[in-house]
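Working notes, structure below.
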Amino acid sequence: MKLADNKATMSFSNGAPSVEMPIYQGSVGPDVIDIRKLYAQTGMFTYDPGFLSTASCQSAITYIDGDKGELLYRGYPIEQLAVNCDFMETCHLLLYGNLPNASAKADFTKRVSNHTMVNEQMQFFLRGFRRDAHPMAIMTGLVGALSAFYHDSTDITNPEHREISAIRLIAKLPTLVAMAYKYSAGQPYMYPKNNLSYAGNFMHMMFATPCEDYVVNPVIERAIDRIFILHADHEQNASTSTVRLCGSSGTNPFAAIAAGVACLWGPAHGGANEACLNMLEDIQKMGGISKVGEFMNQVKDKNSGVKLMGFGHRVYKNYDPRAKLMQETCKEVLAALGLENDPLFKLAMALEKIALEDDYFVQRKLYPNVDFYSGIVQRAIGIPVGLFTAVFALARTVGWIAQLNEMIGDPEYKIGRPRQLFTGSVRREVLPIAQR
């Protein structure tokens, strides 16, 4: 960042002296006002619930322009990455700042492949969970437990430890998600096959069984890979901010990522695609497409309590660029599986048509987001609804790691410590119990 030519001046109506604050410019996007000395100069804090107007850090990883509907990883548009690159190239880009050439990609892929297995004792750890436990409950425990199995990479201040823990996390998350699925399904775990691609290996661990050969469908493989790319990072969202805040205390990388997994679990964040598919299935039970109009009228009625899931976004005020790519993938997958007439997809198209044409939704810019289509794709592939958010966590892990590494390498970073506007009781004295 660079210092802007102008400064911000804060004046007060009570006659207190004005305060000048520096303004910094990024390479793109809004300028920021540096308020770090505000409390020292005025005795006041700023008030910003949800941190919606606060830049908590400087970052060179991901940029979003919500008004344009633009998402860039290290400067590259998501549309180009999703079409021209695979997930391993995207991981390399997010972690190291550049797209790899052929030899660098082969080297990086080999390093990841060498760490795909997990300690055998993780299987016994899994047995402590109920078979019907939510996959995200299991994943929160499994990711945190990695720090108990890999003591040699838990020093977050050591660059070599962060490097090996990054590779381990990227490599082992597909194995852990597949193990969580197999455990809940009562099927035997399938070991990784390192001759397969990252996405192909995940599919094999998910859907193969020891009793017959499993052949990876290339259309599905590419769809899984695209889901991973589209979810790899998304700037300073709730889970990423959680990982940064957790990591700022100096905790180990596995614990910081486990905190991100826990945050992602929320239905307003990573659980949105699960909520979206549940919504479609509820409409289907109501009567399907014939009930879409009735459902949308309920959505418009503020008193109904009915929410439209999979539309609109906290940041995007235009069409989510990931949604367009996911829609293409959705059509390809359904065609490859002979599910073009899938009732939920037809239902989704009917919902989208109304949302894009009805003034109520157009004025509020409630465009379909990536969750709207990714749930349909995953369901068609055979991934259970409860596992959707775990797949999201798998994909987002590389972004969390990149953000965590960037924070640790930032000379300005400090342990996170937000302030508050206190509205509780003023000082009071404790009375003896007989006088209360």
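Each chain of the structure tokens is named A, B, ... in the order shown, its residues numbered from 1; ligands are numbered from 1 in display order.
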Open item on the list: Which residues are near range 379-383 of chain A? Cut-off 10 Å, only C-alpha atoms, ignore same chain within fewer than 4 positions. Put them as a ChimeraX atom specification.
Closed with: /A:181,203,206-207,220-221,223-224,274,277,330,333-334,337,339,342,344-345,374-375,387-388,391
Task: Residues within 12 Å of Arg130 in chain A, only C-alpha atoms, excluding chain neighbours under 6 positions, as a PyMOL selection string - done: chain A and resi 137-138+180+183-186
Open item on the list: Give me the residues near Tyr319 in chain A as a PyMOL selection string, where near means some atom within 10 Å (using only C-alpha atoms) and where sequence neighbours in that chain fewer than 3 positions away do not count.
Closed with: chain A and resi 66-70+311-313+316+322-324+365-370
- [ ] Any chance you could list, as a PyMOL selection string, the residues in range 186-272 of chain A that come up helix (DSSP H, G or I) when DSSP is run on the backbone?
- [x] chain A and resi 198-207+218-230+238-247+253-264+272
TODO: Tell me, in Å to one decimal, how far CA of Phe108 in chain A is from CA of Leu196 in chain A.
DONE: 14.5 Å
TODO: Determine, counting only C-alpha atoms, which protein, DNA and RNA residues have an atom within 8 Å of an atom of Asp233 in chain A; residues of the same chain fewer than 3 positions away are not included. Present the result as a VMD selection string.
DONE: chain A and resid 62 73 230 396 398 to 400
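Put simply, CA of Asn405 in chain A is 8.5 Å away from CA of Pro159 in chain A.
As for CA of Pro49 in chain A and CA of Ile415 in chain A, they are spaced 19.4 Å apart.
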Open item on the list: Taking only C-alpha atoms into account, name the residue in A:Gly271, A:Leu404, A:Lys317, A:Arg222 that is nearest to Gln363 in chain A.
Closed with: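 For Gln363 in chain A, the nearest of the given residues is A:Lys317.
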Task: Shell around range 139-144 of chain A at 7 Å using only C-alpha atoms, local window under 6 positions removed, as a ChimeraX atom specification - done: /A:254-255,258,261-262
Find the nearest atom pair between each residue of range 111-205 of chain A and range 85-101 of chain A for residues within 12 Å, count only C-alpha atoms, give distances in Å to one decimal, sort rows by chain and ascending number, and present the table as JSON lines.
```
{"residue": "A:Arg111", "atom": "CA", "partner": "A:Met88", "partner_atom": "CA", "distance": 10.9}
{"residue": "A:Val112", "atom": "CA", "partner": "A:Met88", "partner_atom": "CA", "distance": 8.9}
{"residue": "A:Ser113", "atom": "CA", "partner": "A:Met88", "partner_atom": "CA", "distance": 10.7}
{"residue": "A:Arg162", "atom": "CA", "partner": "A:Leu95", "partner_atom": "CA", "distance": 11.1}
{"residue": "A:Glu163", "atom": "CA", "partner": "A:Leu95", "partner_atom": "CA", "distance": 9.4}
{"residue": "A:Ala166", "atom": "CA", "partner": "A:Leu95", "partner_atom": "CA", "distance": 8.8}
{"residue": "A:Ile167", "atom": "CA", "partner": "A:Cys91", "partner_atom": "CA", "distance": 10.0}
{"residue": "A:Leu169", "atom": "CA", "partner": "A:Cys91", "partner_atom": "CA", "distance": 11.8}
{"residue": "A:Ile170", "atom": "CA", "partner": "A:Cys91", "partner_atom": "CA", "distance": 8.6}
{"residue": "A:Ala171", "atom": "CA", "partner": "A:Met88", "partner_atom": "CA", "distance": 10.5}
{"residue": "A:Ser197", "atom": "CA", "partner": "A:Met88", "partner_atom": "CA", "distance": 9.0}
{"residue": "A:Tyr198", "atom": "CA", "partner": "A:Met88", "partner_atom": "CA", "distance": 7.5}
{"residue": "A:Ala199", "atom": "CA", "partner": "A:Phe87", "partner_atom": "CA", "distance": 8.2}
{"residue": "A:Gly200", "atom": "CA", "partner": "A:Phe87", "partner_atom": "CA", "distance": 11.4}
```
Task: Pick from A:Arg74, A:Lys193, A:Lys331, A:His234, whichever lies nearest to Lys346 in chain A using only C-alpha atoms - done: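 Checking each of A:Arg74, A:Lys193, A:Lys331, A:His234 against Lys346 in chain A, counting only C-alpha atoms, the winner is A:Lys331.
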TODO: Measuring atom to atom with only C-alpha atoms, identify which of A:Ser56, A:Thr209, A:Ser304, A:Gln80 is nearest to Thr242 in chain A.
DONE: A:Ser56
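Closest approach to Tyr47 in chain A among A:Ile35, A:Leu280, A:Val118, A:Thr389 is made by A:Ile35 (distances from only C-alpha atoms).
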- [ ] Extract, using only C-alpha atoms, all DNA, RNA and protein residues at most 9 Å from Tyr191 in chain A, discarding same-chain residues fewer than 2 positions from it, and format them as a list in words.
- [x] Thr116, Met117, Thr175, Tyr189, Lys193, His204 and Met205 of chain A
Open item on the list: Here is a test: counting only C-alpha atoms, which residue of A:Ala348, A:Met179, A:Pro174, A:Lys110 is nearest to Phe124 in chain A?
Closed with: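 Comparing A:Ala348, A:Met179, A:Pro174, A:Lys110 against Phe124 in chain A, the winner is A:Met179.
Within 8 Å of Arg244 in chain A, once only C-alpha atoms are used and residues closer than 2 positions along the same chain are dropped, the contacting residues are Thr240, Ser241, Thr242, Cys246, Gly247, Ser248, Ala256, Gln403, Leu404 and Met407 of chain A.
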Let's have the selection written as a PDB file, in the first residue's frame, with C-alpha atoms.
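Final output, result-v2.pdb:
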```pdb
ATOM      1  CA  THR A 240     -11.021 -16.460   6.658  1.00  0.00           C
ATOM      2  CA  SER A 241     -11.168 -13.708   9.272  1.00  0.00           C
ATOM      3  CA  THR A 242     -11.615 -16.433  11.900  1.00  0.00           C
ATOM      4  CA  CYS A 246      -7.142 -17.533  15.585  1.00  0.00           C
ATOM      5  CA  GLY A 247      -3.695 -17.673  13.982  1.00  0.00           C
ATOM      6  CA  SER A 248      -2.801 -14.233  15.317  1.00  0.00           C
ATOM      7  CA  ALA A 256      -6.332 -22.186  13.009  1.00  0.00           C
ATOM      8  CA  GLN A 403      -4.211 -15.919   4.151  1.00  0.00           C
ATOM      9  CA  LEU A 404      -2.675 -17.273   7.369  1.00  0.00           C
ATOM     10  CA  MET A 407      -0.638 -12.558   7.983  1.00  0.00           C
TER      11      MET A 407
END
```
Filtered DSSP result for range 70-286 of chain A, state strand (DSSP E), as a JSON list (two decimals) with N, CA, C and O atoms, in the first residue's frame:
```json
[["chain", "number", "residue", "atom", "x", "y", "z"],
["A", 70, "GLU", "N", -16.91, -9.21, -9.92],
["A", 70, "GLU", "CA", -15.57, -9.61, -10.33],
["A", 70, "GLU", "C", -14.85, -10.28, -9.17],
["A", 70, "GLU", "O", -14.90, -9.81, -8.03],
["A", 71, "LEU", "N", -14.18, -11.40, -9.44],
["A", 71, "LEU", "CA", -13.39, -12.11, -8.46],
["A", 71, "LEU", "C", -12.03, -12.44, -9.06],
["A", 71, "LEU", "O", -11.95, -13.09, -10.11],
["A", 72, "LEU", "N", -10.96, -11.98, -8.41],
["A", 72, "LEU", "CA", -9.60, -12.19, -8.90],
["A", 72, "LEU", "C", -8.78, -12.94, -7.86],
["A", 72, "LEU", "O", -8.78, -12.56, -6.69],
["A", 73, "TYR", "N", -8.10, -14.01, -8.29],
["A", 73, "TYR", "CA", -7.09, -14.66, -7.44],
["A", 73, "TYR", "C", -5.73, -14.16, -7.93],
["A", 73, "TYR", "O", -5.34, -14.44, -9.06],
["A", 76, "TYR", "N", -5.76, -12.76, -11.34],
["A", 76, "TYR", "CA", -6.35, -13.54, -12.44],
["A", 76, "TYR", "C", -7.86, -13.68, -12.25],
["A", 76, "TYR", "O", -8.31, -14.10, -11.18],
["A", 77, "PRO", "N", -8.67, -13.37, -13.28],
["A", 77, "PRO", "CA", -10.13, -13.53, -13.17],
["A", 77, "PRO", "C", -10.51, -14.99, -12.95],
["A", 77, "PRO", "O", -9.93, -15.89, -13.57]]
```
